[in-house]
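**Student:** If you scroll down you'll find the structure; I have some questions about it.
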Amino acid sequence: MSQKKEIRGDNTYLISRDTTDNPKLGAKILADGRESLFLDYYFGYQMVYSEKLDRQVAKKDRRREYLKLYLWQAPRTPFERQQNKDTLELAKKIRFERGQELLEAGEGYRLRQKRELNFFDFIQTYYDTYTKGDKRMIKAAKKRFTDFIALEYPQYKERISPERITPDMMEHFVEYLQSTSKGEGALTHWKRWKKIVKAAVKKDVLSKNPCEDIVCKADEEALKKDILSVEEIQRLARTTYPGQNPETRRAFLFTCYTGIRFCDIKDLTFANVDFANGALTFNQKKTKGHSSKSYVTIPLNEWLFSLIGEASTNDPGEKIFKLPSQSVCLKALKHWTVKAGIKKHITWHCGRHSFAVNILNNGANIKTVASLLGHSSLQHTEKYTRAVDSLKQEAINSLPELKL
């Protein structure tokens, strides 16, 4: 039997029946046939002077928070009745959590300020002020979380308070990433998301880290991207087409023979080149300021010097490769590989992977490869040795069997 609604003068009524509840759950009757759920908080009182009564009186401090959750005032169908039941269940859980927060915090004003923050705003601010080389991946992780909330928690798709970012939600988010990503994608997004959360904890937006002890499993040692063989790189070098950007062409071939990331190659200047000693030295954008091996020196041969070319000005800050945006470069690369008859999914980063695998395959030791790639430890380089072992196995398996 449903409880009788005691509707007050402002068209509201309380759902909470326990007089000790703080906050109390209530609803406001709207003209469109719905009821908007809210929480009423009581933050104590203070004594103030009343001129009308000529004495000190107690002034109560109350606050109301609308949850943006709605009930059907007069549900007509089984669907509407079930929707009311689910919405009310969620609102009661929120009320209970808010009550626990009040008990734990002890300071209603501080809690109210935190609760008013939209966590989406914090994420956007974090992204806008982020300056490291993996900013594009931070953006991707931000989008994955936004898509996840819209799909799994649609009631929070416009606004989500920090208190909603719980370990349970984070476990659910990991499952979502694993179901929507390929290869190391889920782990890559999870690592960037943990950066955002860690910053939120540091800024006191989150009281504790909800990602602790939550693992996103992926085989980091396996090389998941396609690689180009030396023959395929040579085929690319021989392939041209009308309208091809020579800067993009030179830069990608340079990546295939040096392993330099796109974020670094687009910023290379002639000041990075030591023409006298035949070397290229630069500070990796991805690890700048975070690794003792951030600076990388790559020996240059005659062919690499031909790709670098000569400066058109006397400015040492002139860029070696005048490249368009990364998305434009990627489209050009895809078109180029198709023209060359290469049926692989090749991205710019595949050039870096191809460089590592090809020089290992030609006898370079793992420490040399790690140094050329600017890896801080051999652990990051070991996945390439496994790819080489796989190629060797494929080569053996390609031999025809002999009938004895």
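Naming scheme: A, B, ... for chains in displayed order of the structure tokens; residues 1 onward per chain; ligands 1 onward as shown.
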As a PDB file with all heavy atoms, in the first residue's frame, please: the residues near Lys132 of chain A (cut-off 12 Å, only C-alpha atoms, same-chain neighbours under 4 positions excluded).
**Tutor:**
```pdb
ATOM      1  N   TYR A 126      41.177  19.905 -16.824  1.00  0.00           N
ATOM      2  CA  TYR A 126      42.429  19.132 -16.804  1.00  0.00           C
ATOM      3  C   TYR A 126      42.972  18.974 -18.222  1.00  0.00           C
ATOM      4  O   TYR A 126      44.167  19.181 -18.470  1.00  0.00           O
ATOM      5  CB  TYR A 126      42.178  17.760 -16.180  1.00  0.00           C
ATOM      6  CG  TYR A 126      43.406  16.860 -16.147  1.00  0.00           C
ATOM      7  CD1 TYR A 126      44.343  16.987 -15.129  1.00  0.00           C
ATOM      8  CD2 TYR A 126      43.623  15.901 -17.129  1.00  0.00           C
ATOM      9  CE1 TYR A 126      45.474  16.172 -15.099  1.00  0.00           C
ATOM     10  CE2 TYR A 126      44.744  15.086 -17.111  1.00  0.00           C
ATOM     11  CZ  TYR A 126      45.664  15.232 -16.088  1.00  0.00           C
ATOM     12  OH  TYR A 126      46.784  14.429 -16.064  1.00  0.00           O
ATOM     13  N   TYR A 127      42.090  18.644 -19.152  1.00  0.00           N
ATOM     14  CA  TYR A 127      42.509  18.474 -20.546  1.00  0.00           C
ATOM     15  C   TYR A 127      42.997  19.797 -21.143  1.00  0.00           C
ATOM     16  O   TYR A 127      44.036  19.838 -21.824  1.00  0.00           O
ATOM     17  CB  TYR A 127      41.353  17.924 -21.385  1.00  0.00           C
ATOM     18  CG  TYR A 127      41.629  17.959 -22.870  1.00  0.00           C
ATOM     19  CD1 TYR A 127      42.523  17.065 -23.465  1.00  0.00           C
ATOM     20  CD2 TYR A 127      41.028  18.921 -23.683  1.00  0.00           C
ATOM     21  CE1 TYR A 127      42.798  17.116 -24.824  1.00  0.00           C
ATOM     22  CE2 TYR A 127      41.297  18.981 -25.038  1.00  0.00           C
ATOM     23  CZ  TYR A 127      42.184  18.074 -25.606  1.00  0.00           C
ATOM     24  OH  TYR A 127      42.464  18.142 -26.938  1.00  0.00           O
ATOM     25  N   ASP A 128      42.271  20.872 -20.897  1.00  0.00           N
ATOM     26  CA  ASP A 128      42.625  22.177 -21.475  1.00  0.00           C
ATOM     27  C   ASP A 128      44.002  22.649 -21.017  1.00  0.00           C
ATOM     28  O   ASP A 128      44.714  23.342 -21.769  1.00  0.00           O
ATOM     29  CB  ASP A 128      41.578  23.226 -21.098  1.00  0.00           C
ATOM     30  CG  ASP A 128      40.242  22.987 -21.794  1.00  0.00           C
ATOM     31  OD1 ASP A 128      40.220  22.266 -22.806  1.00  0.00           O
ATOM     32  OD2 ASP A 128      39.217  23.500 -21.296  1.00  0.00           O
ATOM     33  N   ARG A 136      46.592  13.885 -26.752  1.00  0.00           N
ATOM     34  CA  ARG A 136      45.574  13.285 -27.627  1.00  0.00           C
ATOM     35  C   ARG A 136      44.949  12.063 -26.965  1.00  0.00           C
ATOM     36  O   ARG A 136      43.741  11.804 -27.098  1.00  0.00           O
ATOM     37  CB  ARG A 136      46.213  12.899 -28.961  1.00  0.00           C
ATOM     38  CG  ARG A 136      45.231  12.432 -30.020  1.00  0.00           C
ATOM     39  CD  ARG A 136      45.924  12.305 -31.359  1.00  0.00           C
ATOM     40  NE  ARG A 136      47.011  11.339 -31.302  1.00  0.00           N
ATOM     41  CZ  ARG A 136      46.862  10.033 -31.568  1.00  0.00           C
ATOM     42  NH1 ARG A 136      45.683   9.567 -31.914  1.00  0.00           N
ATOM     43  NH2 ARG A 136      47.890   9.216 -31.507  1.00  0.00           N
ATOM     44  N   MET A 137      45.760  11.296 -26.216  1.00  0.00           N
ATOM     45  CA  MET A 137      45.232  10.114 -25.532  1.00  0.00           C
ATOM     46  C   MET A 137      44.407  10.507 -24.308  1.00  0.00           C
ATOM     47  O   MET A 137      43.469   9.801 -23.933  1.00  0.00           O
ATOM     48  CB  MET A 137      46.379   9.189 -25.123  1.00  0.00           C
ATOM     49  CG  MET A 137      47.127   8.572 -26.296  1.00  0.00           C
ATOM     50  SD  MET A 137      46.010   7.783 -27.491  1.00  0.00           S
ATOM     51  CE  MET A 137      45.151   6.599 -26.449  1.00  0.00           C
ATOM     52  N   ILE A 138      44.752  11.618 -23.675  1.00  0.00           N
ATOM     53  CA  ILE A 138      43.931  12.132 -22.569  1.00  0.00           C
ATOM     54  C   ILE A 138      42.539  12.476 -23.097  1.00  0.00           C
ATOM     55  O   ILE A 138      41.514  12.172 -22.476  1.00  0.00           O
ATOM     56  CB  ILE A 138      44.587  13.368 -21.927  1.00  0.00           C
ATOM     57  CG1 ILE A 138      45.897  12.994 -21.219  1.00  0.00           C
ATOM     58  CG2 ILE A 138      43.616  14.040 -20.947  1.00  0.00           C
ATOM     59  CD1 ILE A 138      45.736  12.137 -19.995  1.00  0.00           C
ATOM     60  N   LYS A 139      42.516  13.095 -24.276  1.00  0.00           N
ATOM     61  CA  LYS A 139      41.229  13.438 -24.898  1.00  0.00           C
ATOM     62  C   LYS A 139      40.430  12.176 -25.209  1.00  0.00           C
ATOM     63  O   LYS A 139      39.206  12.135 -25.012  1.00  0.00           O
ATOM     64  CB  LYS A 139      41.479  14.239 -26.169  1.00  0.00           C
ATOM     65  CG  LYS A 139      40.210  14.695 -26.871  1.00  0.00           C
ATOM     66  CD  LYS A 139      40.528  15.510 -28.115  1.00  0.00           C
ATOM     67  CE  LYS A 139      39.249  15.996 -28.798  1.00  0.00           C
ATOM     68  NZ  LYS A 139      39.557  16.796 -30.018  1.00  0.00           N
ATOM     69  N   ARG A 192      45.497   6.614 -18.940  1.00  0.00           N
ATOM     70  CA  ARG A 192      45.252   8.058 -19.033  1.00  0.00           C
ATOM     71  C   ARG A 192      44.129   8.491 -18.101  1.00  0.00           C
ATOM     72  O   ARG A 192      44.191   9.566 -17.506  1.00  0.00           O
ATOM     73  CB  ARG A 192      44.913   8.446 -20.467  1.00  0.00           C
ATOM     74  CG  ARG A 192      46.107   8.839 -21.311  1.00  0.00           C
ATOM     75  CD  ARG A 192      47.127   7.773 -21.403  1.00  0.00           C
ATOM     76  NE  ARG A 192      48.290   8.126 -22.189  1.00  0.00           N
ATOM     77  CZ  ARG A 192      49.120   7.212 -22.698  1.00  0.00           C
ATOM     78  NH1 ARG A 192      48.887   5.918 -22.503  1.00  0.00           N
ATOM     79  NH2 ARG A 192      50.194   7.587 -23.373  1.00  0.00           N
ATOM     80  N   LYS A 195      45.382   9.016 -14.702  1.00  0.00           N
ATOM     81  CA  LYS A 195      46.069  10.302 -14.567  1.00  0.00           C
ATOM     82  C   LYS A 195      45.077  11.396 -14.165  1.00  0.00           C
ATOM     83  O   LYS A 195      45.356  12.235 -13.307  1.00  0.00           O
ATOM     84  CB  LYS A 195      46.729  10.695 -15.896  1.00  0.00           C
ATOM     85  CG  LYS A 195      48.093  10.094 -16.139  1.00  0.00           C
ATOM     86  CD  LYS A 195      48.714  10.743 -17.373  1.00  0.00           C
ATOM     87  CE  LYS A 195      50.145  10.306 -17.577  1.00  0.00           C
ATOM     88  NZ  LYS A 195      50.789  11.026 -18.702  1.00  0.00           N
ATOM     89  N   CYS A 263      54.850  12.931 -32.661  1.00  0.00           N
ATOM     90  CA  CYS A 263      54.860  14.149 -31.845  1.00  0.00           C
ATOM     91  C   CYS A 263      56.245  14.780 -31.778  1.00  0.00           C
ATOM     92  O   CYS A 263      56.374  15.979 -31.525  1.00  0.00           O
ATOM     93  CB  CYS A 263      54.339  13.855 -30.433  1.00  0.00           C
ATOM     94  SG  CYS A 263      55.330  12.677 -29.487  1.00  0.00           S
ATOM     95  N   ASP A 264      57.292  13.970 -32.011  1.00  0.00           N
ATOM     96  CA  ASP A 264      58.660  14.494 -32.003  1.00  0.00           C
ATOM     97  C   ASP A 264      59.125  14.905 -33.395  1.00  0.00           C
ATOM     98  O   ASP A 264      59.775  15.944 -33.568  1.00  0.00           O
ATOM     99  CB  ASP A 264      59.624  13.453 -31.427  1.00  0.00           C
ATOM    100  CG  ASP A 264      59.412  13.208 -29.944  1.00  0.00           C
ATOM    101  OD1 ASP A 264      59.164  14.188 -29.225  1.00  0.00           O
ATOM    102  OD2 ASP A 264      59.463  12.042 -29.502  1.00  0.00           O
ATOM    103  N   GLN A 284      62.640  13.875 -26.104  1.00  0.00           N
ATOM    104  CA  GLN A 284      61.351  13.247 -26.383  1.00  0.00           C
ATOM    105  C   GLN A 284      60.214  13.980 -25.661  1.00  0.00           C
ATOM    106  O   GLN A 284      60.282  14.198 -24.449  1.00  0.00           O
ATOM    107  CB  GLN A 284      61.349  11.785 -25.919  1.00  0.00           C
ATOM    108  CG  GLN A 284      62.330  10.900 -26.656  1.00  0.00           C
ATOM    109  CD  GLN A 284      62.260   9.482 -26.134  1.00  0.00           C
ATOM    110  OE1 GLN A 284      61.647   8.612 -26.723  1.00  0.00           O
ATOM    111  NE2 GLN A 284      62.897   9.250 -25.003  1.00  0.00           N
ATOM    112  N   LYS A 285      59.204  14.330 -26.405  1.00  0.00           N
ATOM    113  CA  LYS A 285      58.084  15.062 -25.831  1.00  0.00           C
ATOM    114  C   LYS A 285      57.325  14.215 -24.811  1.00  0.00           C
ATOM    115  O   LYS A 285      56.852  14.713 -23.792  1.00  0.00           O
ATOM    116  CB  LYS A 285      57.135  15.504 -26.948  1.00  0.00           C
ATOM    117  CG  LYS A 285      56.133  16.561 -26.539  1.00  0.00           C
ATOM    118  CD  LYS A 285      55.400  17.098 -27.745  1.00  0.00           C
ATOM    119  CE  LYS A 285      54.429  18.206 -27.339  1.00  0.00           C
ATOM    120  NZ  LYS A 285      53.704  18.760 -28.515  1.00  0.00           N
ATOM    121  N   LYS A 286      57.228  12.908 -25.065  1.00  0.00           N
ATOM    122  CA  LYS A 286      56.441  12.028 -24.200  1.00  0.00           C
ATOM    123  C   LYS A 286      57.048  11.899 -22.817  1.00  0.00           C
ATOM    124  O   LYS A 286      56.330  11.786 -21.818  1.00  0.00           O
ATOM    125  CB  LYS A 286      56.315  10.645 -24.848  1.00  0.00           C
ATOM    126  CG  LYS A 286      55.447   9.676 -24.058  1.00  0.00           C
ATOM    127  CD  LYS A 286      55.301   8.362 -24.793  1.00  0.00           C
ATOM    128  CE  LYS A 286      54.422   7.391 -23.994  1.00  0.00           C
ATOM    129  NZ  LYS A 286      54.280   6.096 -24.697  1.00  0.00           N
ATOM    130  N   THR A 287      58.388  11.889 -22.722  1.00  0.00           N
ATOM    131  CA  THR A 287      59.044  11.648 -21.431  1.00  0.00           C
ATOM    132  C   THR A 287      59.825  12.860 -20.942  1.00  0.00           C
ATOM    133  O   THR A 287      60.560  12.763 -19.960  1.00  0.00           O
ATOM    134  CB  THR A 287      60.001  10.448 -21.540  1.00  0.00           C
ATOM    135  OG1 THR A 287      60.943  10.690 -22.608  1.00  0.00           O
ATOM    136  CG2 THR A 287      59.239   9.177 -21.841  1.00  0.00           C
ATOM    137  N   LYS A 288      59.667  13.980 -21.606  1.00  0.00           N
ATOM    138  CA  LYS A 288      60.399  15.197 -21.233  1.00  0.00           C
ATOM    139  C   LYS A 288      60.140  15.567 -19.776  1.00  0.00           C
ATOM    140  O   LYS A 288      58.997  15.724 -19.356  1.00  0.00           O
ATOM    141  CB  LYS A 288      59.977  16.342 -22.147  1.00  0.00           C
ATOM    142  CG  LYS A 288      60.754  17.631 -21.940  1.00  0.00           C
ATOM    143  CD  LYS A 288      60.295  18.675 -22.946  1.00  0.00           C
ATOM    144  CE  LYS A 288      61.060  19.978 -22.774  1.00  0.00           C
ATOM    145  NZ  LYS A 288      60.621  20.997 -23.769  1.00  0.00           N
ATOM    146  N   GLY A 289      61.206  15.674 -19.006  1.00  0.00           N
ATOM    147  CA  GLY A 289      61.078  16.043 -17.597  1.00  0.00           C
ATOM    148  C   GLY A 289      60.691  14.910 -16.682  1.00  0.00           C
ATOM    149  O   GLY A 289      60.536  15.109 -15.476  1.00  0.00           O
ATOM    150  N   HIS A 290      60.512  13.696 -17.235  1.00  0.00           N
ATOM    151  CA  HIS A 290      60.069  12.568 -16.418  1.00  0.00           C
ATOM    152  C   HIS A 290      61.012  11.369 -16.500  1.00  0.00           C
ATOM    153  O   HIS A 290      60.772  10.361 -15.836  1.00  0.00           O
ATOM    154  CB  HIS A 290      58.667  12.113 -16.856  1.00  0.00           C
ATOM    155  CG  HIS A 290      57.640  13.196 -16.753  1.00  0.00           C
ATOM    156  ND1 HIS A 290      57.027  13.536 -15.566  1.00  0.00           N
ATOM    157  CD2 HIS A 290      57.132  14.033 -17.688  1.00  0.00           C
ATOM    158  CE1 HIS A 290      56.173  14.531 -15.774  1.00  0.00           C
ATOM    159  NE2 HIS A 290      56.230  14.849 -17.054  1.00  0.00           N
TER     160      HIS A 290
END
```
**Student:** Please tabulate, as a Markdown table, the residues of segment 89-189 of chain A that come within 9 Å of segment 19-42 of chain A, each with its closest pair of atoms and the distance in Å to one decimal, counting only C-alpha atoms and ordering rows by chain, then residue number upward.
**Tutor:**
```
| residue | atom | partner | partner_atom | distance |
| --- | --- | --- | --- | --- |
| A:Ala91 | CA | A:Leu37 | CA | 7.6 |
| A:Lys92 | CA | A:Leu25 | CA | 7.3 |
| A:Arg95 | CA | A:Pro23 | CA | 6.5 |
| A:Phe96 | CA | A:Pro23 | CA | 8.2 |
| A:Arg98 | CA | A:Pro23 | CA | 7.0 |
| A:Gly99 | CA | A:Asn22 | CA | 5.6 |
| A:Leu102 | CA | A:Asn22 | CA | 8.0 |
| A:Gly108 | CA | A:Tyr42 | CA | 8.5 |
```
**Student:** How about saving the chosen residues, N, CA, C and O atoms kept, as a PDB file, in the first residue's frame?
**Tutor:**
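Generated file (again33.pdb):
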```pdb
ATOM      1  N   ALA A  91      17.119   7.245  -6.142  1.00  0.00           N
ATOM      2  CA  ALA A  91      17.074   8.452  -5.310  1.00  0.00           C
ATOM      3  C   ALA A  91      17.300   8.122  -3.836  1.00  0.00           C
ATOM      4  O   ALA A  91      17.984   8.858  -3.113  1.00  0.00           O
ATOM      5  N   LYS A  92      16.764   6.992  -3.382  1.00  0.00           N
ATOM      6  CA  LYS A  92      16.956   6.592  -1.986  1.00  0.00           C
ATOM      7  C   LYS A  92      18.411   6.225  -1.712  1.00  0.00           C
ATOM      8  O   LYS A  92      18.935   6.513  -0.621  1.00  0.00           O
ATOM      9  N   ARG A  95      20.231   9.480  -1.441  1.00  0.00           N
ATOM     10  CA  ARG A  95      19.937  10.105  -0.141  1.00  0.00           C
ATOM     11  C   ARG A  95      20.751   9.470   0.966  1.00  0.00           C
ATOM     12  O   ARG A  95      21.325  10.156   1.826  1.00  0.00           O
ATOM     13  N   PHE A  96      20.863   8.139   0.956  1.00  0.00           N
ATOM     14  CA  PHE A  96      21.620   7.445   1.990  1.00  0.00           C
ATOM     15  C   PHE A  96      23.106   7.818   1.916  1.00  0.00           C
ATOM     16  O   PHE A  96      23.740   8.087   2.942  1.00  0.00           O
ATOM     17  N   ARG A  98      24.446  10.536   0.645  1.00  0.00           N
ATOM     18  CA  ARG A  98      24.616  11.920   1.082  1.00  0.00           C
ATOM     19  C   ARG A  98      24.578  12.007   2.617  1.00  0.00           C
ATOM     20  O   ARG A  98      25.331  12.761   3.230  1.00  0.00           O
ATOM     21  N   GLY A  99      23.699  11.234   3.219  1.00  0.00           N
ATOM     22  CA  GLY A  99      23.617  11.237   4.673  1.00  0.00           C
ATOM     23  C   GLY A  99      24.899  10.745   5.311  1.00  0.00           C
ATOM     24  O   GLY A  99      25.367  11.300   6.316  1.00  0.00           O
ATOM     25  N   LEU A 102      27.527  13.451   5.130  1.00  0.00           N
ATOM     26  CA  LEU A 102      27.332  14.482   6.137  1.00  0.00           C
ATOM     27  C   LEU A 102      27.878  14.036   7.489  1.00  0.00           C
ATOM     28  O   LEU A 102      28.528  14.797   8.203  1.00  0.00           O
ATOM     29  N   GLY A 108      28.943  20.743   6.842  1.00  0.00           N
ATOM     30  CA  GLY A 108      27.992  20.765   5.741  1.00  0.00           C
ATOM     31  C   GLY A 108      28.355  21.705   4.620  1.00  0.00           C
ATOM     32  O   GLY A 108      28.137  21.415   3.460  1.00  0.00           O
TER      33      GLY A 108
END
```
**Student:** Would you kindly return, as a list in words, each protein, DNA or RNA residue with an atom no farther than 10 Å from any atom of Glu302 of chain A, considering only C-alpha atoms and excluding same-chain residues fewer than 5 positions away?
**Tutor:**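 The residues satisfying every condition are Gly278, Leu307 and Ile308 of chain A.
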**Student:** Grab the residues selected above and save them as a compact mmCIF listing (two decimals), in the first residue's frame with C-alpha atoms.
**Tutor:**
```txt
# COMPACT_ATOMS: atom_id res chain seq x y z
CA GLY A 278 76.47 13.03 -38.18
CA LEU A 307 65.76 12.93 -46.24
CA ILE A 308 66.61 15.82 -43.91
```
**Student:** Can you tell me which residues surround Ser207 of chain A at a distance of at most 9 Å, considering only C-alpha atoms, apart from same-chain residues fewer than 5 positions away, and format the answer as a list of chain:residue names?
**Tutor:**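 What passes the distance filter is A:Pro162, A:Glu163, A:Ala200, A:Val201, A:Lys202.
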**Student:** Emit the selected residues as a compact mmCIF listing (two decimals), in the first residue's frame, including N, CA and C atoms.
**Tutor:**
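The result, written out as again-v5.txt:
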```txt
# COMPACT_ATOMS: atom_id res chain seq x y z
N PRO A 162 31.54 14.52 -7.90
CA PRO A 162 32.69 13.66 -7.58
C PRO A 162 32.31 12.44 -6.73
N GLU A 163 31.29 12.59 -5.90
CA GLU A 163 30.89 11.48 -5.04
C GLU A 163 30.37 10.27 -5.82
N ALA A 200 42.64 14.71 -9.76
CA ALA A 200 41.45 15.10 -8.99
C ALA A 200 41.66 14.88 -7.50
N VAL A 201 42.34 13.80 -7.14
CA VAL A 201 42.64 13.54 -5.73
C VAL A 201 43.61 14.59 -5.20
N LYS A 202 44.62 14.91 -6.00
CA LYS A 202 45.62 15.91 -5.60
C LYS A 202 44.98 17.27 -5.39
```
**Student:** Which residue, A:Ala356, A:Ala340, A:Val369, A:Lys93, has the smallest gap to Thr240 of chain A when you use only C-alpha atoms?
**Tutor:**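 That would be A:Ala340, the residue with the smallest distance to Thr240 of chain A.
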